[in-house]
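Engineer: For reference, this is run_8.tsv, and it has TSV, C-alpha atoms and all ligand atoms.
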```tsv
chain	number	residue	atom	x	y	z
A	1	MET	CA	-8.75	33.48	-27.81
A	2	SER	CA	-11.94	33.82	-25.75
A	3	LYS	CA	-13.34	37.32	-25.82
A	4	LEU	CA	-15.41	39.23	-23.32
A	5	ILE	CA	-18.79	39.36	-25.02
A	6	ASP	CA	-21.89	40.05	-22.98
A	7	ASN	CA	-25.40	38.70	-23.45
A	8	PHE	CA	-26.27	41.66	-25.68
A	9	GLY	CA	-23.41	40.99	-28.09
A	10	ARG	CA	-21.28	43.87	-26.82
A	11	GLN	CA	-17.57	43.17	-26.83
A	12	ILE	CA	-15.66	44.64	-23.91
A	13	ASN	CA	-12.29	46.12	-24.80
A	14	TYR	CA	-12.02	48.97	-22.32
A	15	VAL	CA	-11.40	48.87	-18.58
A	16	ARG	CA	-11.53	51.79	-16.17
A	17	LEU	CA	-9.32	51.22	-13.19
A	18	ALA	CA	-9.37	53.38	-10.08
A	19	VAL	CA	-5.84	53.29	-8.70
A	20	THR	CA	-6.80	54.90	-5.41
A	21	ASP	CA	-9.81	56.20	-3.48
A	22	ARG	CA	-7.76	59.11	-2.11
A	23	CYS	CA	-7.93	62.63	-3.47
A	24	ASN	CA	-6.20	65.95	-2.82
A	25	LEU	CA	-9.33	67.94	-3.75
A	26	ARG	CA	-12.87	67.92	-2.35
A	27	CYS	CA	-15.12	68.74	-5.29
A	28	GLN	CA	-18.59	69.59	-4.02
A	29	TYR	CA	-20.38	67.27	-6.46
A	30	CYS	CA	-18.06	64.36	-5.66
A	31	MET	CA	-17.58	64.29	-1.92
A	32	PRO	CA	-18.30	66.08	1.36
A	33	ALA	CA	-15.94	68.79	2.67
A	34	HIS	CA	-14.38	66.39	5.17
A	35	GLY	CA	-13.71	63.83	2.43
A	36	ILE	CA	-14.95	60.27	2.18
A	37	ASP	CA	-14.11	57.41	4.50
A	38	ILE	CA	-11.00	56.09	2.81
A	39	VAL	CA	-10.18	52.43	3.20
A	40	PRO	CA	-7.05	51.14	4.99
A	41	ARG	CA	-4.10	50.95	2.60
A	42	LYS	CA	-3.94	47.15	2.68
A	43	GLU	CA	-7.45	47.00	1.24
A	44	LEU	CA	-6.32	48.80	-1.90
A	45	LEU	CA	-5.07	46.69	-4.77
A	46	THR	CA	-1.29	46.85	-5.09
A	47	PHE	CA	0.18	47.91	-8.43
A	48	LYS	CA	1.35	44.33	-8.94
A	49	GLU	CA	-2.20	43.06	-8.43
A	50	MET	CA	-3.54	45.69	-10.81
A	51	TYR	CA	-0.93	44.80	-13.40
A	52	ARG	CA	-1.91	41.16	-13.20
A	53	LEU	CA	-5.66	41.80	-13.48
A	54	ILE	CA	-5.07	44.03	-16.49
A	55	ARG	CA	-2.75	41.47	-18.11
A	56	VAL	CA	-5.44	38.81	-17.84
A	57	LEU	CA	-8.08	41.18	-19.20
A	58	THR	CA	-5.88	42.06	-22.17
A	59	GLU	CA	-5.56	38.36	-22.90
A	60	LEU	CA	-9.36	38.43	-23.20
A	61	GLY	CA	-9.42	41.27	-25.70
A	62	VAL	CA	-9.15	44.45	-23.62
A	63	ASN	CA	-6.78	46.86	-25.36
A	64	LYS	CA	-7.60	50.17	-23.71
A	65	ILE	CA	-7.40	51.28	-20.13
A	66	ARG	CA	-8.40	54.46	-18.34
A	67	LEU	CA	-6.69	55.14	-15.04
A	68	THR	CA	-8.67	57.22	-12.64
A	69	GLY	CA	-9.49	57.47	-8.96
A	70	GLY	CA	-9.70	59.33	-6.57
A	71	GLU	CA	-6.79	61.26	-7.93
A	72	PRO	CA	-4.38	58.83	-9.64
A	73	PHE	CA	-1.34	61.06	-9.08
A	74	VAL	CA	-1.91	60.99	-5.32
A	75	ARG	CA	-0.84	57.35	-5.29
A	76	LYS	CA	2.88	56.96	-4.67
A	77	ASP	CA	4.80	55.97	-7.80
A	78	PHE	CA	1.80	56.16	-10.10
A	79	VAL	CA	4.17	57.19	-12.91
A	80	GLY	CA	6.18	54.00	-12.27
A	81	PHE	CA	2.93	52.05	-12.66
A	82	LEU	CA	2.33	53.73	-16.02
A	83	GLU	CA	5.79	52.62	-17.11
A	84	MET	CA	5.04	49.10	-15.90
A	85	LEU	CA	1.73	49.01	-17.81
A	86	SER	CA	3.46	50.21	-20.97
A	87	PHE	CA	5.27	46.87	-21.09
A	88	ASN	CA	1.99	45.04	-21.64
A	89	ASP	CA	2.23	44.44	-25.38
A	90	LEU	CA	-1.51	43.75	-25.66
A	91	LEU	CA	-2.42	47.19	-24.36
A	92	GLU	CA	-2.68	49.92	-26.99
A	93	ASP	CA	-3.98	52.96	-25.15
A	94	ILE	CA	-3.39	54.10	-21.60
A	95	ASN	CA	-5.63	57.06	-20.81
A	96	ILE	CA	-5.73	59.06	-17.60
A	97	THR	CA	-8.38	61.15	-15.88
A	98	THR	CA	-6.88	63.65	-13.47
A	99	ASN	CA	-7.64	66.87	-11.63
A	100	GLY	CA	-4.29	68.17	-12.87
A	101	ALA	CA	-3.13	69.64	-9.57
A	102	LEU	CA	-0.14	67.34	-9.21
A	103	ILE	CA	1.01	66.53	-12.71
A	104	TYR	CA	2.79	69.58	-14.12
A	105	ASN	CA	6.23	68.16	-13.30
A	106	HIS	CA	5.37	64.79	-14.80
A	107	ILE	CA	4.28	66.01	-18.23
A	108	GLU	CA	7.64	65.43	-19.91
A	109	THR	CA	7.81	61.85	-18.61
A	110	LEU	CA	4.23	61.19	-19.70
A	111	GLU	CA	5.07	62.39	-23.21
A	112	LYS	CA	7.75	59.73	-23.45
A	113	LEU	CA	5.28	56.95	-22.67
A	114	LYS	CA	3.96	56.30	-26.15
A	115	LYS	CA	0.83	54.49	-25.03
A	116	VAL	CA	-0.27	57.40	-22.85
A	117	LYS	CA	-2.20	59.23	-25.53
A	118	ASN	CA	-5.19	60.88	-23.90
A	119	ILE	CA	-5.43	62.96	-20.79
A	120	ASN	CA	-8.80	64.03	-19.44
A	121	LEU	CA	-8.40	67.03	-17.21
A	122	SER	CA	-11.26	67.99	-14.92
A	123	ILE	CA	-11.86	71.73	-14.78
A	124	ASP	CA	-15.31	73.03	-13.96
A	125	SER	CA	-14.71	76.76	-14.04
A	126	LEU	CA	-12.35	79.20	-15.72
A	127	LYS	CA	-12.78	81.64	-12.84
A	128	ALA	CA	-10.22	81.14	-10.09
A	129	ASP	CA	-12.51	81.95	-7.16
A	130	ARG	CA	-15.29	79.75	-8.41
A	131	PHE	CA	-12.95	76.88	-9.26
A	132	ASN	CA	-11.44	77.01	-5.80
A	133	GLU	CA	-14.90	77.07	-4.25
A	134	ILE	CA	-16.03	74.03	-6.25
A	135	THR	CA	-12.90	72.02	-5.44
A	136	ARG	CA	-12.62	73.45	-1.91
A	137	ARG	CA	-8.89	73.84	-2.52
A	138	ASN	CA	-6.76	76.72	-3.78
A	139	VAL	CA	-5.34	75.12	-6.91
A	140	PHE	CA	-6.80	76.97	-9.88
A	141	ASP	CA	-3.51	78.54	-11.01
A	142	GLU	CA	-1.74	75.20	-10.95
A	143	VAL	CA	-4.51	73.43	-12.86
A	144	TYR	CA	-4.76	76.18	-15.46
A	145	LYS	CA	-0.99	76.14	-15.99
A	146	THR	CA	-1.18	72.36	-16.41
A	147	MET	CA	-4.01	72.70	-18.92
A	148	GLU	CA	-1.91	75.04	-21.05
A	149	ALA	CA	1.12	72.76	-20.88
A	150	LEU	CA	-0.94	69.68	-21.77
A	151	GLU	CA	-2.44	71.48	-24.72
A	152	LYS	CA	1.05	72.01	-26.09
A	153	SER	CA	2.15	68.44	-25.31
A	154	ASN	CA	2.02	65.50	-27.71
A	155	MET	CA	-0.97	64.05	-25.85
A	156	ASN	CA	-4.61	64.65	-26.72
A	157	LEU	CA	-6.30	66.83	-24.17
A	158	LYS	CA	-9.93	66.58	-23.18
A	159	LEU	CA	-11.49	68.78	-20.53
A	160	ASN	CA	-14.15	67.29	-18.28
A	161	VAL	CA	-16.63	69.93	-17.19
A	162	VAL	CA	-19.39	68.80	-14.84
A	163	VAL	CA	-22.37	71.05	-15.50
A	164	GLN	CA	-23.68	72.05	-12.09
A	165	SER	CA	-26.97	73.85	-11.81
A	166	GLY	CA	-26.68	77.14	-9.98
A	167	ILE	CA	-22.88	77.01	-10.08
A	168	ASN	CA	-21.24	77.06	-13.51
A	169	THR	CA	-23.90	76.89	-16.22
A	170	ASP	CA	-23.14	80.49	-17.16
A	171	GLU	CA	-19.67	79.35	-18.24
A	172	ILE	CA	-20.74	76.68	-20.73
A	173	ASN	CA	-20.14	78.98	-23.68
A	174	ASP	CA	-16.88	80.34	-22.22
A	175	PHE	CA	-15.60	76.78	-22.36
A	176	VAL	CA	-16.85	76.45	-25.94
A	177	ARG	CA	-14.94	79.63	-26.85
A	178	LEU	CA	-11.73	78.06	-25.52
A	179	THR	CA	-11.85	75.62	-28.43
A	180	LYS	CA	-11.53	78.40	-31.01
A	181	ASP	CA	-7.73	78.52	-30.84
A	182	LYS	CA	-6.90	75.63	-28.56
A	183	ASN	CA	-6.72	72.04	-29.71
A	184	ILE	CA	-8.87	70.81	-26.87
A	185	ALA	CA	-11.98	68.64	-26.74
A	186	VAL	CA	-14.25	70.19	-24.13
A	187	ARG	CA	-16.76	67.68	-22.81
A	188	PHE	CA	-19.68	68.69	-20.66
A	189	ILE	CA	-20.81	66.00	-18.24
A	190	GLU	CA	-24.32	65.76	-16.84
A	191	GLU	CA	-24.06	65.88	-13.07
A	192	MET	CA	-24.85	62.58	-11.35
A	193	PRO	CA	-25.90	61.92	-7.74
A	194	PHE	CA	-22.59	60.17	-6.97
A	195	ASN	CA	-21.45	62.64	-4.35
A	196	GLY	CA	-20.69	60.69	-1.22
A	197	LYS	CA	-24.14	61.01	0.40
A	198	GLY	CA	-26.22	63.98	-0.52
A	199	GLN	CA	-23.79	66.78	0.19
A	200	ARG	CA	-25.09	68.75	-2.71
A	201	GLU	CA	-28.70	68.95	-3.76
A	202	MET	CA	-28.99	69.10	-7.53
A	203	GLN	CA	-31.49	71.91	-8.09
A	204	GLU	CA	-32.21	71.35	-11.72
A	205	ASN	CA	-31.07	68.68	-14.15
A	206	TRP	CA	-28.79	70.06	-16.82
A	207	THR	CA	-29.44	67.31	-19.31
A	208	PHE	CA	-27.71	66.67	-22.63
A	209	LYS	CA	-30.53	68.50	-24.40
A	210	LYS	CA	-30.43	71.52	-22.14
A	211	ILE	CA	-26.65	71.83	-22.45
A	212	LEU	CA	-26.82	71.56	-26.23
A	213	ASN	CA	-29.54	74.22	-26.39
A	214	GLU	CA	-27.40	76.53	-24.31
A	215	ILE	CA	-24.50	76.09	-26.74
A	216	LYS	CA	-26.78	76.61	-29.74
A	217	LYS	CA	-27.82	79.99	-28.36
A	218	GLU	CA	-24.38	81.28	-29.36
A	219	PHE	CA	-22.83	78.80	-31.75
A	220	SER	CA	-23.75	76.96	-34.86
A	221	VAL	CA	-22.59	73.40	-34.21
A	222	GLU	CA	-22.37	70.36	-36.43
A	223	GLU	CA	-22.38	66.83	-35.04
A	224	ILE	CA	-19.21	64.84	-35.70
A	225	GLN	CA	-19.46	61.11	-36.33
A	226	SER	CA	-18.03	59.64	-33.13
A	227	GLU	CA	-16.66	56.18	-32.46
A	228	LYS	CA	-19.55	53.79	-31.77
A	229	SER	CA	-18.57	53.30	-28.14
A	230	SER	CA	-17.88	56.99	-27.47
A	231	THR	CA	-19.26	58.22	-24.15
A	232	SER	CA	-19.92	61.64	-25.64
A	233	ARG	CA	-21.77	63.04	-28.60
A	234	ASN	CA	-19.39	65.45	-30.26
A	235	PHE	CA	-19.74	68.63	-32.22
A	236	SER	CA	-17.55	70.92	-34.28
A	237	ILE	CA	-17.82	74.63	-34.95
A	238	GLU	CA	-16.64	76.08	-38.22
A	239	ASN	CA	-13.06	77.40	-38.05
A	240	TYR	CA	-12.62	76.25	-34.46
A	241	VAL	CA	-9.52	74.16	-33.77
A	242	GLY	CA	-10.96	72.10	-30.93
A	243	SER	CA	-14.29	70.35	-30.47
A	244	VAL	CA	-17.14	70.15	-28.01
A	245	GLY	CA	-18.83	67.08	-26.59
A	246	ILE	CA	-21.61	66.26	-24.16
A	247	ILE	CA	-21.60	63.15	-21.98
A	248	PRO	CA	-25.12	62.01	-21.11
A	249	ALA	CA	-23.82	60.37	-17.95
A	250	PHE	CA	-27.11	60.60	-16.13
A	251	THR	CA	-29.69	60.33	-18.92
A	252	ARG	CA	-27.75	57.30	-20.12
A	253	THR	CA	-28.53	57.26	-23.83
A	254	ILE	CA	-25.17	55.70	-24.64
A	255	CYS	CA	-25.52	52.31	-22.98
A	256	ASN	CA	-26.34	50.34	-26.16
A	257	ASP	CA	-22.77	50.54	-27.36
A	258	CYS	CA	-21.06	50.19	-24.01
A	259	ASN	CA	-17.65	48.51	-24.27
A	260	ARG	CA	-16.52	49.11	-20.68
A	261	ILE	CA	-16.05	47.49	-17.34
A	262	ARG	CA	-14.65	48.98	-14.14
A	263	ILE	CA	-12.41	47.90	-11.32
A	264	THR	CA	-12.45	49.97	-8.15
A	265	SER	CA	-9.38	50.70	-6.05
A	266	THR	CA	-10.33	47.91	-3.67
A	267	GLY	CA	-10.70	45.44	-6.51
A	268	THR	CA	-14.45	45.37	-6.93
A	269	PHE	CA	-15.45	44.40	-10.44
A	270	LYS	CA	-18.25	46.54	-11.87
A	271	ASN	CA	-20.10	45.90	-15.08
A	272	CYS	CA	-21.70	49.34	-15.00
A	273	LEU	CA	-21.17	52.67	-13.26
A	274	PHE	CA	-24.65	52.35	-11.77
A	275	ASP	CA	-24.39	48.81	-10.38
A	276	ASP	CA	-23.29	48.29	-6.80
A	277	GLY	CA	-20.36	46.01	-7.44
A	278	VAL	CA	-20.41	42.49	-8.75
A	279	PHE	CA	-17.37	40.68	-7.42
A	280	ASN	CA	-14.39	41.16	-5.11
A	281	LEU	CA	-11.37	40.41	-7.31
A	282	ARG	CA	-8.88	41.37	-4.62
A	283	ASP	CA	-9.93	38.60	-2.24
A	284	PHE	CA	-10.16	36.15	-5.14
A	285	ILE	CA	-6.52	36.68	-6.11
A	286	ARG	CA	-5.30	37.00	-2.53
A	287	ASN	CA	-6.86	33.59	-1.89
A	288	GLY	CA	-4.69	32.06	-4.61
A	289	ALA	CA	-6.74	32.20	-7.84
A	290	SER	CA	-4.70	31.38	-10.94
A	291	ASN	CA	-4.77	33.36	-14.17
A	292	ASP	CA	-6.97	30.68	-15.69
A	293	ASP	CA	-9.38	30.99	-12.75
A	294	LEU	CA	-9.45	34.74	-13.35
A	295	LYS	CA	-10.16	34.31	-17.04
A	296	GLU	CA	-13.02	31.96	-16.34
A	297	LEU	CA	-14.36	34.39	-13.76
A	298	PHE	CA	-14.23	37.42	-16.10
A	299	LEU	CA	-15.95	35.46	-18.87
A	300	SER	CA	-18.80	34.59	-16.53
A	301	LEU	CA	-19.06	38.01	-14.85
A	302	ILE	CA	-19.46	39.68	-18.20
A	303	LYS	CA	-22.60	37.66	-18.81
A	304	GLU	CA	-24.16	39.57	-15.91
A	305	LYS	CA	-23.61	42.95	-17.57
A	306	PRO	CA	-26.98	44.71	-17.46
A	307	GLU	CA	-28.45	46.01	-20.68
A	308	ASN	CA	-28.23	49.60	-19.51
A	309	GLY	CA	-27.58	51.86	-16.53
A	310	PHE	CA	-31.25	52.06	-15.56
A	311	ILE	CA	-31.49	48.30	-15.18
A	312	ALA	CA	-28.18	48.28	-13.30
A	313	GLU	CA	-29.55	50.92	-10.93
A	314	ALA	CA	-32.83	49.05	-10.41
A	315	ASN	CA	-30.89	45.85	-9.58
A	316	ARG	CA	-28.86	47.46	-6.82
A	317	THR	CA	-29.12	45.78	-3.46
A	318	LYS	CA	-27.33	48.48	-1.48
A	319	GLY	CA	-29.85	51.28	-1.98
A	320	ASN	CA	-29.86	54.40	-4.14
A	321	VAL	CA	-26.75	55.68	-5.87
A	322	SER	CA	-24.96	57.93	-3.42
A	323	GLU	CA	-21.39	56.66	-3.23
A	324	SER	CA	-18.67	59.09	-4.28
A	325	MET	CA	-17.28	58.88	-7.81
A	326	SER	CA	-13.96	58.87	-6.05
A	327	THR	CA	-14.60	55.37	-4.70
A	328	ILE	CA	-16.14	54.06	-7.90
A	329	GLY	CA	-13.53	55.50	-10.21
A	330	GLY	CA	-15.08	58.10	-12.48
B	1	LIG	N1	-9.72	62.98	-9.59
B	1	LIG	C1	-9.76	62.81	-10.99
B	1	LIG	C2	-10.54	63.91	-11.64
B	1	LIG	O1	-11.25	64.65	-10.96
B	1	LIG	O2	-10.43	64.02	-12.87
B	1	LIG	C3	-10.30	61.47	-11.43
B	1	LIG	C4	-11.47	60.91	-10.68
B	1	LIG	S1	-12.98	61.81	-10.88
B	1	LIG	C5	-14.09	60.87	-9.87
B	1	LIG	C6	-13.41	61.43	-12.54
B	1	LIG	C7	-14.43	62.33	-13.18
B	1	LIG	O3	-15.68	62.13	-12.55
B	1	LIG	C8	-14.10	63.81	-13.07
B	1	LIG	O4	-14.11	64.40	-14.36
B	1	LIG	C9	-15.21	64.35	-12.23
B	1	LIG	O5	-15.52	65.66	-12.58
B	1	LIG	C10	-16.35	63.38	-12.52
B	1	LIG	N2	-17.35	63.37	-11.45
B	1	LIG	C11	-17.17	63.20	-10.13
B	1	LIG	N3	-18.36	63.26	-9.46
B	1	LIG	C12	-19.31	63.45	-10.41
B	1	LIG	C13	-20.73	63.59	-10.37
B	1	LIG	N4	-21.42	63.56	-9.23
B	1	LIG	N5	-21.38	63.78	-11.54
B	1	LIG	C14	-20.70	63.83	-12.73
B	1	LIG	N6	-19.37	63.69	-12.82
B	1	LIG	C15	-18.68	63.51	-11.69
B	2	LIG	FE1	-11.15	64.42	-6.33
B	2	LIG	FE2	-11.77	64.05	-8.88
B	2	LIG	FE3	-13.63	63.75	-6.94
B	2	LIG	FE4	-12.71	66.17	-7.49
B	2	LIG	S1	-13.85	64.84	-8.89
B	2	LIG	S2	-12.96	65.29	-5.42
B	2	LIG	S3	-10.66	65.78	-8.01
B	2	LIG	S4	-11.89	62.50	-7.26
```
Produce structure tokens that represent the structure in this file.
Ligand code: SAM
Ligand code: SF4
Structural biologist:
Amino acid sequence: MSKLIDNFGRQINYVRLAVTDRCNLRCQYCMPAHGIDIVPRKELLTFKEMYRLIRVLTELGVNKIRLTGGEPFVRKDFVGFLEMLSFNDLLEDINITTNGALIYNHIETLEKLKKVKNINLSIDSLKADRFNEITRRNVFDEVYKTMEALEKSNMNLKLNVVVQSGINTDEINDFVRLTKDKNIAVRFIEEMPFNGKGQREMQENWTFKKILNEIKKEFSVEEIQSEKSSTSRNFSIENYVGSVGIIPAFTRTICNDCNRIRITSTGTFKNCLFDDGVFNLRDFIRNGASNDDLKELFLSLIKEKPENGFIAEANRTKGNVSESMSTIGG
């Protein structure tokens, strides 16, 4: 079987698929208050098209998928799509990134889907008022309730916390404290300028180093050996049930071991979060491409994967990074 191996010897086994560009929240660091310009529905990949693209990718060695968006649970019958994907015998892990505002009633169903093992829940503050201000929606109670239910579920729970200067840096250690009794992996993410056109000025960069120093002010942490392709560097604290991680999303020190590609909700293939889109898969399949054509295409696209996110950013033809993570698929 041909495998997806790039020019730097990295084998791709993980795809991040944005199932929609729509979202029910309006996080300040992700999009403007009025939302982003969403695309007409017919421009979004259908679930059947997504299933097919993923099937072909799994035949080239992909065995893990992360479903994201926009908010995946906003898309009608997303749970049905998860069931459909579960039938792909070459897929081992189906992971989901969600804001958690719409999933409480689905948790039992998700638990039955054996390949759905990891849920990343985005929660940037443990204070209701602040959370609602960041997301510009009044959903803290629902998200918190969901977090507690997910922690008790049979799925692994990771919390995504975007560290935002001037907004929530004073809560970094409150999140760390959560891991004392809860089996949660809290992961702090460096804020990136993907916010749908400069709605929020980042005042100060809270880098990996700065976040770690903040944690070390209160806790004695020990680094845990992470999987080679992990996006986070992870730490444990003695006698704490959970763990803490930091994702150097913006300082990009993790690119060497990248094993990922992305497909946006409109079917744009991306080799890197920071590139500006490499190929329109949707039009390719709508114009009649066969599965063999797709395989050949993927094998050649992967050879264009840039060495790292800085090179990807420098190669952009559409200007500086400013699109919303909601369109890219975070
Ligand atoms: N709506 C879902 C959610 O919020 O989890 C999935 C999509 S969201 C774009 C995926 C992740 O990207 C979230 O954890 C979010 O916090 C993160 N994100 C969005 N904009 C970001 C930015 N400018 N910098 C860093 N992370 C960002
Ligand atoms: Fe929506 Fe997620 Fe972006 Fe927040 S971070 S606006 S929840 S897509």
Engineer: Using all atoms listed in the file, find each protein or nucleic acid residue lying at most 7 Å from ligand LIG 2 (chain B); present the set as a ChimeraX atom specification.
Structural biologist: /A:23-27,30-31,69-71,98-99,135,325-326
Engineer: Please measure the separation of atom CA of Asn280 of chain A and atom CA of Met50 of chain A, giving the value in Å to one decimal.
Structural biologist: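 Rounded to one decimal, the two atoms are 13.1 Å apart.
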Engineer: Can you list, as a list in words, every protein, DNA or RNA residue that comes within 12 Å of Asp293 of chain A when you count all atoms listed in the file, leaving out same-chain residues fewer than 5 positions away?
Structural biologist: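 Here the qualifying residues turn out to be Leu53, Val56, Leu281, Phe284, Ile285, Asn287, Gly288, Phe298, Leu299 and Ser300 of chain A.
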Engineer: Considering all atoms listed in the file, give me a table of residues in chain A that are at most 9 Å from ligand LIG 1 (chain B), with the closest atom pair and distance in Å for each, as CSV.
Structural biologist:
```
residue,atom,partner,partner_atom,distance
A:Ala18,CA,B:LIG1,C4,7.8
A:Asp21,CA,B:LIG1,C4,8.8
A:Arg22,CA,B:LIG1,N1,8.6
A:Cys23,CA,B:LIG1,N1,6.4
A:Asn24,CA,B:LIG1,N1,8.2
A:Leu25,CA,B:LIG1,N1,7.7
A:Cys27,CA,B:LIG1,N3,7.6
A:Gln28,CA,B:LIG1,N3,8.3
A:Tyr29,CA,B:LIG1,N4,4.7
A:Cys30,CA,B:LIG1,N3,4.0
A:Met31,CA,B:LIG1,N3,7.6
A:Leu67,CA,B:LIG1,C3,8.1
A:Thr68,CA,B:LIG1,C3,4.7
A:Gly69,CA,B:LIG1,C4,4.3
A:Gly70,CA,B:LIG1,N1,4.7
A:Glu71,CA,B:LIG1,N1,3.8
A:Pro72,CA,B:LIG1,C3,6.7
A:Phe73,CA,B:LIG1,N1,8.6
A:Ile96,CA,B:LIG1,C3,8.0
A:Thr97,CA,B:LIG1,O2,4.6
A:Thr98,CA,B:LIG1,O2,3.6
A:Asn99,CA,B:LIG1,C2,4.1
A:Gly100,CA,B:LIG1,O2,7.4
A:Asn120,CA,B:LIG1,O2,6.8
A:Leu121,CA,B:LIG1,O2,5.7
A:Ser122,CA,B:LIG1,O2,4.5
A:Ile123,CA,B:LIG1,O5,7.4
A:Asp124,CA,B:LIG1,O5,7.5
A:Leu159,CA,B:LIG1,O4,8.0
A:Asn160,CA,B:LIG1,O4,4.9
A:Val161,CA,B:LIG1,O5,6.4
A:Val162,CA,B:LIG1,O5,5.5
A:Val163,CA,B:LIG1,C14,7.9
A:Gln164,CA,B:LIG1,N5,8.6
A:Ile189,CA,B:LIG1,C14,5.9
A:Glu190,CA,B:LIG1,C14,5.8
A:Glu191,CA,B:LIG1,N5,3.7
A:Met192,CA,B:LIG1,N5,3.7
A:Pro193,CA,B:LIG1,N4,5.0
A:Phe194,CA,B:LIG1,N4,4.2
A:Asn195,CA,B:LIG1,N4,5.0
A:Gly196,CA,B:LIG1,N4,8.5
A:Ala249,CA,B:LIG1,C14,7.0
A:Phe250,CA,B:LIG1,C14,7.9
A:Ser322,CA,B:LIG1,N4,8.8
A:Ser324,CA,B:LIG1,N3,6.7
A:Met325,CA,B:LIG1,C5,4.3
A:Ser326,CA,B:LIG1,C5,4.3
A:Thr327,CA,B:LIG1,C5,7.6
A:Ile328,CA,B:LIG1,C5,7.4
A:Gly329,CA,B:LIG1,C5,5.4
A:Gly330,CA,B:LIG1,C6,3.7
```
Engineer: Given only C-alpha atoms as the basis, pick out the residue of A:Asp170, A:Glu223, A:Glu111, A:Glu323 nearest to Gly277 of chain A.
Structural biologist: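 With only C-alpha atoms as the atom set, the closest residue is A:Glu323.
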Engineer: Looking at A:Asn154, A:Asn13, A:Ser232, A:Ser243, which one is nearest to Ile184 of chain A, with distances taken over only C-alpha atoms?
Structural biologist: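 Between A:Asn154, A:Asn13, A:Ser232, A:Ser243, the residue approaching Ile184 of chain A most closely is A:Ser243.
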Engineer: Any idea what's packed within 9 Å of Leu85 of chain A, counting only C-alpha atoms, ignoring anything in its chain fewer than 3 positions away? Could you give it as JSON, numbers by chain?
Structural biologist: {"A": [51, 54, 55, 80, 81, 82, 88, 89, 91, 94]}
Engineer: Dump C-alpha atoms for the selected residues as a PDB file, keeping the file's coordinate frame?
Structural biologist:
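That gives us part03.pdb:
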```pdb
ATOM      1  CA  TYR A  51      -0.930  44.800 -13.400  1.00  0.00           C
ATOM      2  CA  ILE A  54      -5.070  44.030 -16.490  1.00  0.00           C
ATOM      3  CA  ARG A  55      -2.750  41.470 -18.110  1.00  0.00           C
ATOM      4  CA  GLY A  80       6.180  54.000 -12.270  1.00  0.00           C
ATOM      5  CA  PHE A  81       2.930  52.050 -12.660  1.00  0.00           C
ATOM      6  CA  LEU A  82       2.330  53.730 -16.020  1.00  0.00           C
ATOM      7  CA  ASN A  88       1.990  45.040 -21.640  1.00  0.00           C
ATOM      8  CA  ASP A  89       2.230  44.440 -25.380  1.00  0.00           C
ATOM      9  CA  LEU A  91      -2.420  47.190 -24.360  1.00  0.00           C
ATOM     10  CA  ILE A  94      -3.390  54.100 -21.600  1.00  0.00           C
TER      11      ILE A  94
END
```
Engineer: Interatomic distance between atom CA of Lys64 of chain A and atom CA of Asp275 of chain A?
Structural biologist: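 Those two atoms sit 21.5 Å apart.
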Engineer: Which of these residues is nearest to Lys180 of chain A, using all atoms listed in the file: A:Glu238, A:Glu214, A:Asp129, A:Asp276?
Structural biologist: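 Of A:Glu238, A:Glu214, A:Asp129, A:Asp276, the one nearest Lys180 of chain A is A:Glu238, counting all atoms listed in the file.
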Engineer: Go ahead and compute the interatomic distance for atom CA of Glu313 of chain A and atom CA of Arg16 of chain A, in Å to one decimal.
Structural biologist: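 Between atom CA of Glu313 of chain A and atom CA of Arg16 of chain A the gap works out to 18.8 Å.
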Engineer: Name the closest residue to Arg52 of chain A among the candidates A:Ile246, A:Met84, A:Asp181, A:Glu222; distances are taken between atoms, counting all atoms listed in the file.
Structural biologist: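 Using all atoms listed in the file, the shortest distance to Arg52 of chain A belongs to A:Met84.
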Engineer: When distances are computed from all atoms listed in the file, which of A:Leu90, A:Met155, A:Ala312, A:Val19 shows the smallest separation from Asp77 of chain A?
Structural biologist: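 Under the stated criterion, the closest residue is A:Val19.
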Engineer: So that I can see what lies close to Lys228 of chain A, please list as number ranges by chain the residues with an atom at most 10 Å from it, counting only C-alpha atoms and leaving out residues fewer than 3 positions away in the same chain.
Structural biologist: A: 225, 231-232, 254, 256-259
Engineer: For Val15 of chain A, please output as a list in words all residues within 8 Å (counting all atoms listed in the file; exclusion window: fewer than 5 positions along the same chain).
Structural biologist: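 So the residues in contact are Val62, Lys64, Ile65, Arg66, Arg260, Ile261, Arg262 and Ile263 of chain A.
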Engineer: Using C-alpha atoms, can you write the selected residues to a file as a short mmCIF file (atom, residue, chain, number, x, y, z; two decimals), in the frame of the given file?
Structural biologist:
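Result written to out17.cif:
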```
data_model
loop_
_atom_site.label_atom_id
_atom_site.label_comp_id
_atom_site.auth_asym_id
_atom_site.auth_seq_id
_atom_site.Cartn_x
_atom_site.Cartn_y
_atom_site.Cartn_z
CA VAL A 62 -9.15 44.45 -23.62
CA LYS A 64 -7.60 50.17 -23.71
CA ILE A 65 -7.40 51.28 -20.13
CA ARG A 66 -8.40 54.46 -18.34
CA ARG A 260 -16.52 49.11 -20.68
CA ILE A 261 -16.05 47.49 -17.34
CA ARG A 262 -14.65 48.98 -14.14
CA ILE A 263 -12.41 47.90 -11.32
#
```
